Amino acid sequence: MTDLLAVFGRLHPLLLHLPIGLLAGLVALELVLWARRAIPPAGFMSVWAWMTAASAVVTATAGYVLSREPGYAGETVTNHLRLGIAFAVSSILVAILQSRERYRWAYRVALLASLGLLLPAGHLGATITHGEGFLTEPLRAARPAPDASGDVSTFAGIVQPILEQKCLACHSEAKHKGGLVLHSPETIQAGGFDGPVIVAGDPGRSELMRRLRLPLADEDHMPPDGKPQPTAQEIAAIEAWIAAGAPFEGVVTAIVQPVPVSETPQPVDPAATVAPATPQALEALRQQLVHVEPVESGSPLLWVDFAAAAQRTGDAEAQALLDPVRDQVAELSLSRCQISDATVPLLARMPHLRRLDLRTTLVTDAGVAALRNHAVLEELVLAQTRLSEASVDHLLALPALRRLYLWNSGVSGEGVARLRAALPDVVVDAGDRPDAAVVQAEAAIQLTSDAPLPGQEDTPADLKPVNSVCPVSGSPVNPKYSILFNGRVVGFCCPNCPKEFWADPARFEAKLQ
């Protein structure tokens with residue numbers, strides 16, 4: 001499928017509103033004309049009918065192209081496609097019959113048939129987009145809290161209902177976004193195009209947990225912003241289930257209380273559950289010239305930069321300043337600070353730390369090991385540190401990593417190549433790529449002639465004054481007080497005489513002969 005054809009297919013959700021509106025308008029006009037026993041305007045209704053037919057054909061064609069993309073399959077998609085094609089055909093029939101007076105009855109039957117096809121086609125389209133039961137969901141009674149007691153497994157009683165309500169709109173039998181389907185144990189274990197989404201016994205390495213815990217504004221956060229979001233209790237239940245080995249049978253005792261599945265949850269931003277840093281902690285940072293501000297307006301999460309205090313900040317100072325704000329730090333720069341591996345365990349306990357700059361510090365492999373399995377760390381700068389090949393395994397265990405900077409870090413070219421091979425979606429910058437080379441630099445200044453620069457005159461090689469008597473006072477010349485006048489060095493007896501000379505050179509020029 002060519003790129004342009006794929007773009008055309010993805011116009012289907014936009015185009016589909018046009019034939020719906022045109023058909024509704026055509027039906028409304030026919031009803032008004034029938035009620036008033038009026039004659040349709042000549043040619044107008046025919047043009048309207050053909051516009052409806054043309055838009056229906058284009059929309060159905062775009063839908064067919066879209067259905068060929070990975071992620072769309074199943075009976076719901078097939079039935080929606082068939083109804084869309086049938087609607088397009090019936091719309092063409094309506095346009096053909098509209099101007100034929102003798103087939104007026106057939107025209108009206110075709111018009112009603114088009115309307116009848118439109119309703120189930122629209123319903124199935126909504127099911128593909130929003131999930132099964134979207135239309136009737138407000139009419140259903142609230143779902144009772146799942147029960148994982150007795151013979152009901154934790155997966156069937158707690159985890160599966162959460163997935164059904166929060167994930168199946170995009171990851172069902174009908175819609176396989178990212179190649180991922182979450183409606184059964186088999187499809188959950190199969191994962192998606194990018195591999196498994198759960199690692200049994202290790203929530204920190206499970207892609208499902210990483211996506212759930214990303215900030216709501218992050219483009220990789222799942223479910224996407226605007227979709228129903230799981231509550232903090234529901235996320236904790238899924239995490240406990242994965243930590244217990246992700247069993248599809250049996251009860252996970254770590255989940256003590258059943259988790260109520262909310263019908264209309266509000267989007268949950270992880271930052272919303274973070275208490276703001278205390279004024280005393282922020283003031284302590286500022287007193288040491290540490291830059292601190294919210295990552296965005298109104299957020300309790302912080303950007304902290306030690307640039308101005310780097311040279312006097314060691315392990316003790318960094319830990320004393322950062323420990324009171326460890327729950328709020330999202331972006332942290334300790335570049336050029338005098339810190340070592342002793343400070344890194346504190347950084348590893350920062351639950352919202354997304355960006356960390358440790359360039360030109362004393363951090364070694366042991367410090368990188370302390371960051372292993374950090375759940376949300378996306379960007380890590382380790383340039384000009386003291387690492388070795390041992391750090392590669394630790395870096396591979398960072399599930400959220402997206403950008404890594406290793407130039408002059410001690411990691412060899414083989415280690416960098418291993419990281420790039422194992423993490424194809426991560427930007428690994430070691431300063432060895434062609435695009436890291438100098439593209440252009442200013443050349444050395446080249447003088448094109450021996451001519452003096454503008455405003456300067458030729459200076460005689462012999463700087464001895466041409467006169468022995470000061471032209472102003474008549475006293476003997478002191479070579480210390482000389483000027484350049486008309487290409488000749490003129491001497492004076494004191495620093496005041498050159499001023500008087502420059503005021504009126506013509507008055508004294510004759511005395512230089």
# chains A, B, ... in the order shown; residues from 1 in each chain; ligands from 1

$ residues_around --residues "Gly410 (chain A)" --least-positions-apart "5" --cutoff "10 Å" --atoms "only C-alpha atoms" --output "list of chain:residue names"
A:Thr364, A:Leu382, A:Ala383, A:Gln384, A:Thr385, A:Arg386, A:Leu387, A:Ser388, A:Glu389, A:Ser391, A:Gly415

$ residues_around --residues "Asn373 (chain A)" --least-positions-apart "2" --cutoff "8 Å" --atoms "only C-alpha atoms" --output "ChimeraX atom specification"
/A:204-205,371,375,397-399

$ write_last_selection --atoms "N, CA and C atoms" --output "PDB file, in the first residue's frame"
ATOM      1  N   GLY A 204       7.984  -3.911  36.173  1.00  0.00           N
ATOM      2  CA  GLY A 204       8.869  -2.854  35.708  1.00  0.00           C
ATOM      3  C   GLY A 204       9.304  -3.026  34.275  1.00  0.00           C
ATOM      4  N   ARG A 205       9.334  -4.248  33.776  1.00  0.00           N
ATOM      5  CA  ARG A 205       9.736  -4.507  32.396  1.00  0.00           C
ATOM      6  C   ARG A 205       8.537  -4.760  31.485  1.00  0.00           C
ATOM      7  N   LEU A 371      20.148   2.542  38.814  1.00  0.00           N
ATOM      8  CA  LEU A 371      19.002   3.042  38.048  1.00  0.00           C
ATOM      9  C   LEU A 371      18.246   1.930  37.338  1.00  0.00           C
ATOM     10  N   ALA A 375      11.089   2.876  36.228  1.00  0.00           N
ATOM     11  CA  ALA A 375       9.888   2.668  35.411  1.00  0.00           C
ATOM     12  C   ALA A 375       9.613   3.787  34.414  1.00  0.00           C
ATOM     13  N   ALA A 397      18.002  -2.526  30.822  1.00  0.00           N
ATOM     14  CA  ALA A 397      16.916  -2.818  31.764  1.00  0.00           C
ATOM     15  C   ALA A 397      16.135  -1.572  32.145  1.00  0.00           C
ATOM     16  N   LEU A 398      16.226  -0.521  31.338  1.00  0.00           N
ATOM     17  CA  LEU A 398      15.432   0.695  31.578  1.00  0.00           C
ATOM     18  C   LEU A 398      14.242   0.666  30.614  1.00  0.00           C
ATOM     19  N   PRO A 399      13.055   0.281  31.053  1.00  0.00           N
ATOM     20  CA  PRO A 399      11.940   0.014  30.134  1.00  0.00           C
ATOM     21  C   PRO A 399      11.398   1.243  29.418  1.00  0.00           C
TER      22      PRO A 399
END

$ residues_around --residues "region 504-513 of chain A" --least-positions-apart "4" --cutoff "8 Å" --atoms "only C-alpha atoms" --output "ChimeraX atom specification"
/A:466-467,471-472,500

$ atom_distance --atom1 "CA of Gln338 (chain A)" --atom2 "CA of Leu302 (chain A)"
21.9 Å

$ residues_around --residues "Ile20 (chain A)" --least-positions-apart "6" --cutoff "10 Å" --atoms "only C-alpha atoms" --output "VMD selection string"
chain A and resid 26 52 55 to 56 115 118 to 119 122

$ closest_residue --among "A:Gly9, A:Pro324, A:Pro247, A:Gly63" --to "Leu285 (chain A)" --atoms "only C-alpha atoms"
A:Pro324

$ atom_distance --atom1 "CA of Ala60 (chain A)" --atom2 "CA of Phe193 (chain A)"
27.6 Å

$ residues_around --residues "Arg402 (chain A)" --least-positions-apart "4" --cutoff "8 Å" --atoms "only C-alpha atoms" --output "PyMOL selection string"
chain A and resi 378-379+425-427

$ atom_distance --atom1 "CA of Tyr107 (chain A)" --atom2 "CA of Ile85 (chain A)"
18.7 Å

$ closest_residue --among "A:Phe485, A:Phe44, A:Phe8, A:Trp34" --to "Thr61 (chain A)" --atoms "only C-alpha atoms"
A:Phe8

$ decode --residues "region 235-255 of chain A" --atoms "N, CA and C atoms" --output "compact mmCIF listing (two decimals), in the first residue's frame"
# COMPACT_ATOMS: atom_id res chain seq x y z
N ILE A 235 -5.04 0.34 38.18
CA ILE A 235 -3.66 0.17 37.72
C ILE A 235 -2.87 -0.66 38.73
N ALA A 236 -3.07 -0.37 40.02
CA ALA A 236 -2.38 -1.14 41.07
C ALA A 236 -2.77 -2.61 41.02
N ALA A 237 -4.03 -2.91 40.70
CA ALA A 237 -4.48 -4.30 40.63
C ALA A 237 -3.79 -5.03 39.48
N ILE A 238 -3.69 -4.37 38.32
CA ILE A 238 -3.01 -5.00 37.17
C ILE A 238 -1.53 -5.22 37.50
N GLU A 239 -0.91 -4.24 38.17
CA GLU A 239 0.50 -4.38 38.54
C GLU A 239 0.72 -5.55 39.50
N ALA A 240 -0.18 -5.68 40.48
CA ALA A 240 -0.05 -6.79 41.43
C ALA A 240 -0.26 -8.13 40.74
N TRP A 241 -1.17 -8.16 39.78
CA TRP A 241 -1.41 -9.41 39.02
C TRP A 241 -0.18 -9.81 38.22
N ILE A 242 0.47 -8.83 37.56
CA ILE A 242 1.68 -9.13 36.80
C ILE A 242 2.80 -9.56 37.74
N ALA A 243 2.95 -8.86 38.86
CA ALA A 243 4.01 -9.20 39.82
C ALA A 243 3.84 -10.62 40.36
N ALA A 244 2.60 -11.09 40.42
CA ALA A 244 2.34 -12.44 40.92
C ALA A 244 2.54 -13.50 39.84
N GLY A 245 3.02 -13.09 38.67
CA GLY A 245 3.26 -14.04 37.59
C GLY A 245 2.22 -14.01 36.50
N ALA A 246 1.29 -13.04 36.55
CA ALA A 246 0.23 -12.90 35.55
C ALA A 246 -0.53 -14.20 35.33
N PRO A 247 -1.05 -14.83 36.39
CA PRO A 247 -1.77 -16.10 36.21
C PRO A 247 -3.18 -15.85 35.67
N PHE A 248 -3.60 -16.69 34.75
CA PHE A 248 -4.96 -16.58 34.22
C PHE A 248 -5.94 -17.47 35.00
N GLU A 249 -5.40 -18.28 35.86
CA GLU A 249 -6.22 -19.11 36.74
C GLU A 249 -5.79 -18.86 38.19
N GLY A 250 -6.69 -19.05 39.12
CA GLY A 250 -6.36 -18.90 40.52
C GLY A 250 -6.51 -17.47 41.00
N VAL A 251 -6.30 -17.31 42.31
CA VAL A 251 -6.51 -16.02 42.97
C VAL A 251 -5.18 -15.46 43.42
N VAL A 252 -4.98 -14.16 43.15
CA VAL A 252 -3.78 -13.44 43.61
C VAL A 252 -4.12 -12.82 44.95
N THR A 253 -3.50 -13.32 45.99
CA THR A 253 -3.85 -12.85 47.34
C THR A 253 -3.36 -11.44 47.60
N ALA A 254 -2.40 -10.95 46.80
CA ALA A 254 -1.88 -9.60 47.01
C ALA A 254 -2.96 -8.54 46.77
N ILE A 255 -3.97 -8.89 45.96
CA ILE A 255 -5.08 -7.97 45.72
C ILE A 255 -6.15 -8.30 46.75
